[in-house]
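data_39.txt, holding compact mmCIF, C-alpha atoms and all ligand atoms:
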# COMPACT_ATOMS: atom_id res chain seq x y z
CA MET C 1 59.51 59.35 34.06
CA PHE C 2 62.25 58.28 31.67
CA ASP C 3 61.74 59.71 28.19
CA SER C 4 63.49 57.38 25.77
CA HIS C 5 63.69 59.81 22.85
CA PHE C 6 63.82 63.59 22.70
CA HIS C 7 65.57 66.43 20.89
CA LEU C 8 65.91 69.08 23.58
CA THR C 9 68.77 70.87 21.86
CA ASP C 10 66.18 72.00 19.31
CA PRO C 11 66.09 75.83 19.34
CA ARG C 12 62.37 75.76 20.16
CA LEU C 13 63.14 74.06 23.48
CA ASN C 14 66.55 75.03 24.70
CA THR C 15 65.42 78.18 26.45
CA LEU C 16 62.71 76.49 28.53
CA PRO C 17 63.61 76.84 32.22
CA GLU C 18 62.78 73.22 33.10
CA ILE C 19 65.20 72.03 30.45
CA GLU C 20 67.92 74.53 31.33
CA GLN C 21 67.59 73.50 34.97
CA GLY C 22 67.93 69.85 34.06
CA GLN C 23 64.47 68.77 35.22
CA CYS C 24 64.22 66.15 32.54
CA CYS C 25 65.35 62.60 32.34
CA GLY C 26 65.96 60.59 29.22
CA VAL C 27 67.91 60.27 26.01
CA GLU C 28 68.86 63.14 23.71
CA ILE C 29 68.86 61.61 20.24
CA GLY C 30 71.42 62.44 17.58
CA ALA C 31 69.72 62.86 14.22
CA ASP C 32 72.14 64.75 12.02
CA PHE C 33 75.91 64.78 12.02
CA GLU C 34 76.26 68.54 12.34
CA SER C 35 74.48 68.71 15.68
CA LEU C 36 76.14 65.72 17.38
CA PRO C 37 78.61 67.89 19.35
CA ASP C 38 75.64 69.83 20.80
CA VAL C 39 73.80 66.61 21.60
CA PHE C 40 76.79 65.24 23.51
CA ALA C 41 77.49 68.55 25.26
CA PHE C 42 73.85 68.69 26.39
CA ALA C 43 74.02 65.17 27.85
CA ASN C 44 77.32 65.92 29.56
CA ARG C 45 75.77 69.02 31.15
CA HIS C 46 72.67 67.31 32.53
CA GLU C 47 73.03 64.47 34.99
CA GLN C 48 69.89 62.56 33.99
CA VAL C 49 70.32 62.94 30.25
CA TYR C 50 72.06 60.39 28.03
CA CYS C 51 72.74 60.63 24.29
CA THR C 52 73.03 58.74 21.02
CA ALA C 53 75.02 59.25 17.84
CA GLY C 54 73.23 58.72 14.56
CA VAL C 55 71.92 60.15 11.34
CA HIS C 56 68.20 60.27 10.51
CA PRO C 57 67.24 59.22 6.95
CA ALA C 58 66.38 62.86 6.17
CA TYR C 59 70.13 63.55 6.20
CA ALA C 60 71.20 60.46 4.24
CA ASP C 61 72.33 62.58 1.29
CA VAL C 62 74.87 64.49 3.38
CA TYR C 63 76.12 61.41 5.17
CA SER C 64 79.74 60.51 5.52
CA ALA C 65 80.34 57.00 6.85
CA ASN C 66 83.88 57.98 7.84
CA ASP C 67 82.82 61.08 9.76
CA LEU C 68 80.25 59.19 11.80
CA GLU C 69 82.61 56.29 12.42
CA ASN C 70 85.33 58.67 13.63
CA PHE C 71 82.89 60.49 15.90
CA VAL C 72 81.70 57.22 17.44
CA ALA C 73 85.24 55.94 17.96
CA GLU C 74 86.26 59.21 19.58
CA HIS C 75 83.34 59.23 22.04
CA ILE C 76 82.97 55.53 22.74
CA SER C 77 84.31 55.79 26.30
CA ASN C 78 81.82 58.55 27.29
CA PRO C 79 79.43 56.85 29.77
CA LYS C 80 76.59 59.12 28.56
CA PHE C 81 76.81 57.67 25.04
CA VAL C 82 74.22 54.88 25.08
CA ALA C 83 73.17 53.96 21.52
CA ILE C 84 73.57 54.29 17.77
CA GLY C 85 70.72 56.09 15.97
CA GLU C 86 68.28 57.35 15.21
CA CYS C 87 68.67 55.76 11.82
CA GLY C 88 66.36 54.02 9.41
CA LEU C 89 63.96 54.64 6.58
CA ASP C 90 61.34 57.32 5.96
CA TYR C 91 59.28 56.92 2.81
CA HIS C 92 56.53 59.21 4.08
CA ARG C 93 58.02 62.51 3.04
CA PRO C 94 58.59 62.84 -0.72
CA ASP C 95 61.33 65.44 -0.23
CA LEU C 96 63.77 63.09 1.51
CA PRO C 97 66.89 61.47 0.02
CA SER C 98 66.42 58.48 -2.29
CA ARG C 99 65.52 55.08 -0.90
CA GLU C 100 68.87 53.71 -2.05
CA GLN C 101 70.73 56.39 -0.09
CA GLN C 102 68.59 55.85 3.00
CA ILE C 103 69.14 52.09 2.89
CA GLU C 104 72.90 52.41 2.59
CA VAL C 105 73.13 54.84 5.51
CA PHE C 106 70.82 52.65 7.63
CA LYS C 107 72.91 49.54 6.98
CA HIS C 108 76.12 51.32 7.89
CA GLN C 109 74.69 52.36 11.27
CA ILE C 110 73.56 48.77 11.95
CA HIS C 111 77.17 47.80 11.34
CA LEU C 112 78.40 50.51 13.75
CA ALA C 113 76.03 49.34 16.49
CA ASP C 114 77.44 45.84 16.18
CA ARG C 115 81.04 46.95 15.95
CA TYR C 116 80.81 49.22 19.01
CA ALA C 117 78.42 46.96 20.95
CA LYS C 118 75.64 49.54 21.29
CA PRO C 119 71.88 49.14 21.00
CA LEU C 120 70.29 50.54 17.83
CA VAL C 121 67.49 53.15 17.67
CA VAL C 122 65.44 52.77 14.48
CA HIS C 123 63.20 55.31 12.78
CA SER C 124 60.76 53.72 10.32
CA ARG C 125 57.89 55.59 8.70
CA ASP C 126 55.82 54.15 5.85
CA ALA C 127 58.75 51.85 5.15
CA TRP C 128 57.75 48.69 6.94
CA GLU C 129 58.78 46.10 4.35
CA ASP C 130 62.26 47.42 3.69
CA THR C 131 62.88 48.06 7.39
CA VAL C 132 61.93 44.53 8.33
CA GLU C 133 63.86 42.98 5.46
CA ILE C 134 67.04 44.84 6.45
CA LEU C 135 66.68 44.07 10.17
CA ILE C 136 66.09 40.36 9.50
CA ALA C 137 69.02 40.15 7.06
CA ASN C 138 71.24 41.78 9.70
CA LYS C 139 69.88 39.92 12.70
CA SER C 140 73.35 38.78 13.77
CA LYS C 141 74.37 42.45 14.15
CA LEU C 142 71.51 43.27 16.53
CA LYS C 143 72.76 41.39 19.57
CA ASN C 144 72.83 44.59 21.63
CA GLY C 145 69.13 45.17 21.11
CA VAL C 146 67.02 47.22 18.74
CA LEU C 147 64.34 49.82 19.42
CA ILE C 148 61.62 50.75 16.95
CA HIS C 149 61.07 54.36 17.96
CA CYS C 150 57.71 56.10 17.53
CA MET C 151 56.02 52.80 16.78
CA SER C 152 53.38 53.39 14.12
CA TYR C 153 52.75 49.88 12.77
CA THR C 154 50.01 47.33 13.48
CA ALA C 155 49.80 44.52 16.01
CA GLU C 156 50.33 41.94 13.21
CA GLN C 157 53.44 43.73 12.00
CA ALA C 158 54.86 43.99 15.53
CA THR C 159 54.23 40.29 16.16
CA PHE C 160 55.85 39.37 12.84
CA LEU C 161 59.00 41.32 13.66
CA ILE C 162 59.25 39.92 17.20
CA ASN C 163 58.96 36.38 15.81
CA GLN C 164 61.43 36.93 12.98
CA LEU C 165 63.98 38.44 15.35
CA SER C 166 63.58 35.78 18.03
CA GLY C 167 66.61 35.76 20.29
CA ILE C 168 67.10 39.51 19.78
CA ASP C 169 65.80 42.05 22.29
CA VAL C 170 63.33 44.10 20.24
CA TYR C 171 61.84 47.12 22.01
CA PHE C 172 59.05 49.45 20.86
CA ALA C 173 58.66 53.07 21.95
CA PHE C 174 55.26 54.75 21.85
CA GLY C 175 54.92 58.50 21.52
CA GLY C 176 52.14 61.08 21.27
CA HIS C 177 50.59 59.00 18.46
CA LEU C 178 49.13 56.70 21.08
CA THR C 179 46.79 59.51 22.16
CA TYR C 180 45.50 60.36 18.65
CA LYS C 181 41.99 59.36 17.58
CA ASN C 182 43.13 58.26 14.11
CA LYS C 183 45.84 56.04 15.63
CA GLU C 184 43.66 53.96 17.92
CA TYR C 185 44.90 50.79 16.22
CA LEU C 186 48.11 51.39 18.16
CA HIS C 187 46.27 50.31 21.31
CA ASP C 188 46.14 46.80 19.80
CA THR C 189 49.81 47.03 18.86
CA LEU C 190 50.67 47.96 22.43
CA ARG C 191 48.76 44.97 23.79
CA VAL C 192 50.74 42.37 21.79
CA ILE C 193 54.16 43.62 22.87
CA PRO C 194 55.72 41.90 25.90
CA LEU C 195 55.59 44.24 28.91
CA ASN C 196 59.36 44.22 29.29
CA ARG C 197 59.80 45.57 25.74
CA ILE C 198 57.67 48.73 25.97
CA LEU C 199 59.04 52.28 26.21
CA ILE C 200 57.53 55.77 26.09
CA GLU C 201 59.02 58.78 24.36
CA THR C 202 57.97 62.33 23.62
CA ASP C 203 60.14 62.88 20.51
CA ALA C 204 59.98 66.52 21.69
CA PRO C 205 59.66 69.03 20.06
CA TYR C 206 57.61 66.86 17.67
CA LEU C 207 54.39 64.88 18.02
CA ALA C 208 52.83 66.43 21.11
CA PRO C 209 50.14 64.21 22.65
CA VAL C 210 46.47 65.12 23.03
CA PRO C 211 45.43 67.50 24.65
CA LYS C 212 48.61 69.46 23.82
CA ARG C 213 48.72 68.44 20.20
CA SER C 214 48.90 71.95 18.79
CA GLU C 215 51.82 72.89 21.04
CA VAL C 216 55.56 72.35 20.81
CA ASN C 217 56.10 69.04 22.58
CA ARG C 218 58.22 68.94 25.72
CA PRO C 219 59.28 66.31 28.28
CA GLU C 220 56.54 66.96 30.84
CA PHE C 221 53.87 66.01 28.25
CA ILE C 222 55.03 62.39 28.52
CA LEU C 223 52.40 62.08 31.24
CA TYR C 224 49.53 62.23 28.70
CA THR C 225 50.94 59.30 26.75
CA ALA C 226 51.55 57.40 29.98
CA GLN C 227 47.92 57.95 31.02
CA ILE C 228 46.61 56.42 27.79
CA MET C 229 49.10 53.57 28.04
CA ALA C 230 47.95 52.88 31.61
CA LYS C 231 44.33 52.72 30.46
CA VAL C 232 45.09 50.38 27.54
CA LEU C 233 47.22 48.05 29.67
CA ARG C 234 44.89 48.31 32.70
CA LYS C 235 47.62 49.55 34.98
CA THR C 236 48.17 52.63 37.13
CA VAL C 237 50.27 55.51 35.84
CA ALA C 238 52.77 54.76 38.62
CA GLU C 239 53.08 51.17 37.40
CA ILE C 240 53.65 52.41 33.84
CA GLU C 241 56.26 54.87 35.04
CA ASN C 242 58.11 52.08 36.82
CA LEU C 243 57.83 49.72 33.89
CA ILE C 244 59.06 52.07 31.19
CA THR C 245 61.89 53.43 33.32
CA THR C 246 63.15 49.93 34.12
CA ASN C 247 62.83 48.94 30.46
CA ALA C 248 64.65 52.05 29.25
CA TYR C 249 67.58 51.50 31.62
CA ARG C 250 67.81 47.89 30.45
CA PHE C 251 67.60 48.73 26.73
CA TYR C 252 70.11 51.58 26.90
CA GLN C 253 72.36 49.54 29.25
CA ILE C 254 72.39 52.36 31.79
CA LYS C 255 73.81 51.32 35.12
CA THR C 256 71.99 52.88 38.04
CA ALA C 257 72.62 53.04 41.73
CA GLN C 258 69.04 51.89 42.42
ZN ZN C 301 63.52 61.67 16.87
Represent the structure from my file as structure tokens, please.
Amino acid sequence: MFDSHFHLTDPRLNTLPEIEQGQCCGVEIGADFESLPDVFAFANRHEQVYCTAGVHPAYADVYSANDLENFVAEHISNPKFVAIGECGLDYHRPDLPSREQQIEVFKHQIHLADRYAKPLVVHSRDAWEDTVEILIANKSKLKNGVLIHCMSYTAEQATFLINQLSGIDVYFAFGGHLTYKNKEYLHDTLRVIPLNRILIETDAPYLAPVPKRSEVNRPEFILYTAQIMAKVLRKTVAEIENLITTNAYRFYQIKTAQ
């Protein structure tokens, strides 16, 4: 099953045999500038792993627009390089860089996605209004598609964004959250999203799904999220696997032999 968002170069995961042996399939997400060389090396080493270049809002205060731009330009011809991100806004944690810094860094990465014709992977936590305002204001730069990763907002909010960004391919990825009791409202969110715009991710090593919630998350746990998704959408797990893999290849513009 194609995992649309993981961080397998994390030291908690990179000694697991299934990861070393390449038994995982998905996108290794760049989240801070320092680790981008590792992220790209990991994708280059594993046939079924792709990668992105981006800076998470947590690192907005050590961001250099020039450094990221140079890195992107240098790697643009690498076929494993599929998107810009993760980037966005996180107002949940009080210890993160200022909102002004986060917004500036987010906008620059939207610009990069447009300039280099890549889809954009967005992280948005407790920052719905600013995220939506920025995406709508920059709609013309989202022609390559946008993915709201780890979707945590309501059905009304999802519908609003889809309507405001009409003409743009807006995808939503659901993670371990979907299996949590206190996040059951996400079942309604899932139901209002067009079937061809739904993805699943683990965000490993973070956000392990129930019943593995206390553990370090890893790619194989994607199955638990897929099982809940299948139940909510009244489909089989095999149908979900097919759906999210097809959607992920389309969003990330991955050409396959299939
Ligand atoms: Zn992530």
(message) Let me see if you get this right: every residue at most 12 Å from ligand ZN 301 (chain C), counting only C-alpha atoms and all ligand atoms, written as a ChimeraX atom specification.
(response) /C:3-10,27-32,51-58,85-88,90,121-125,148-151,173-175,201-207,217
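Of the listed residues (C:Leu178, C:Leu186, C:Ile200, C:Val192), C:Leu178 comes nearest to Arg213 of chain C; the distances count only C-alpha atoms.
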(message) Which residue is closest to Lys141 of chain C? Choose from C:Gln101, C:Thr256, C:Asn66, C:Gln109 and count all atoms listed in the file.
(response) C:Gln109
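When all atoms listed in the file are used to compute distances to Arg197 of chain C, the closest of the residues C:Pro211, C:Arg234, C:Arg250, C:Ile228 turns out to be C:Arg250.
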(request) Write out as a PyMOL selection string the residues lying within 10 Å of Asn144 of chain C, counting all atoms listed in the file and excluding same-chain residues fewer than 3 positions away. (result) chain C and resi 83+113-114+116-120+140-141+168-170+251-253
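When only C-alpha atoms are used to compute distances to Phe172 of chain C, the closest of the residues C:Thr245, C:Ser35, C:Ser77, C:Asn196 turns out to be C:Asn196.
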(request) Using atom CA of Leu142 of chain C and atom CA of Leu165 of chain C as the two end points, give the distance in Å to one decimal. (result) 9.0 Å
(message) Let me make sure I understand: among C:Arg93, C:Glu215, C:His177, C:Ile134, which one has the smallest atom-to-atom distance to Gln164 of chain C if we use all atoms listed in the file?
(response) C:Ile134
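Among C:Val146, C:Leu223, C:Ile254, C:Ala208, the residue with the shortest atom-to-atom distance to Val237 of chain C, counting all atoms listed in the file, is C:Leu223.
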(request) Fewer than 6 positions away in the same chain doesn't count, so skip those; otherwise give me all residues within 12 Å of Arg99 of chain C, counting only C-alpha atoms, as a PyMOL selection string. (result) chain C and resi 57-61+88-93+105-106+126-127+130-131
(request) Up to 12 Å from (84.4, 61.4, 26.0) in the file's coordinates: name the residues, counting all atoms listed in the file, as a VMD selection string. (result) chain C and resid 37 40 to 41 43 to 44 51 71 to 81
(request) Place a sphere of radius 12 Å on (54.5, 43.2, 30.3) in the file coordinates and name every protein, DNA or RNA residue with an atom inside or on its surface, counting only C-alpha atoms; give the answer as an NGL selection string. (result) :C and (171 or 190-199 or 229-230 or 233-235 or 239-240 or 242-244 or 246-247)
(message) So the first atom is atom CA of His187 of chain C and the second is atom CA of Lys212 of chain C; what is the distance between them in Å, to one decimal place?
(response) 19.5 Å
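The two atoms in question, atom CA of Gly22 of chain C and atom CA of Phe42 of chain C, are spaced 9.8 Å apart.
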Assuming 6 Å of padding per side, give the centre and edge lengths of the axis-aligned box around every listed atom of segment 53-60 of chain C, in Å to one decimal and as AutoDock Vina command-line options.
--center_x 70.7 --center_y 61.1 --center_z 11.0 --size_x 20.6 --size_y 16.8 --size_z 25.6
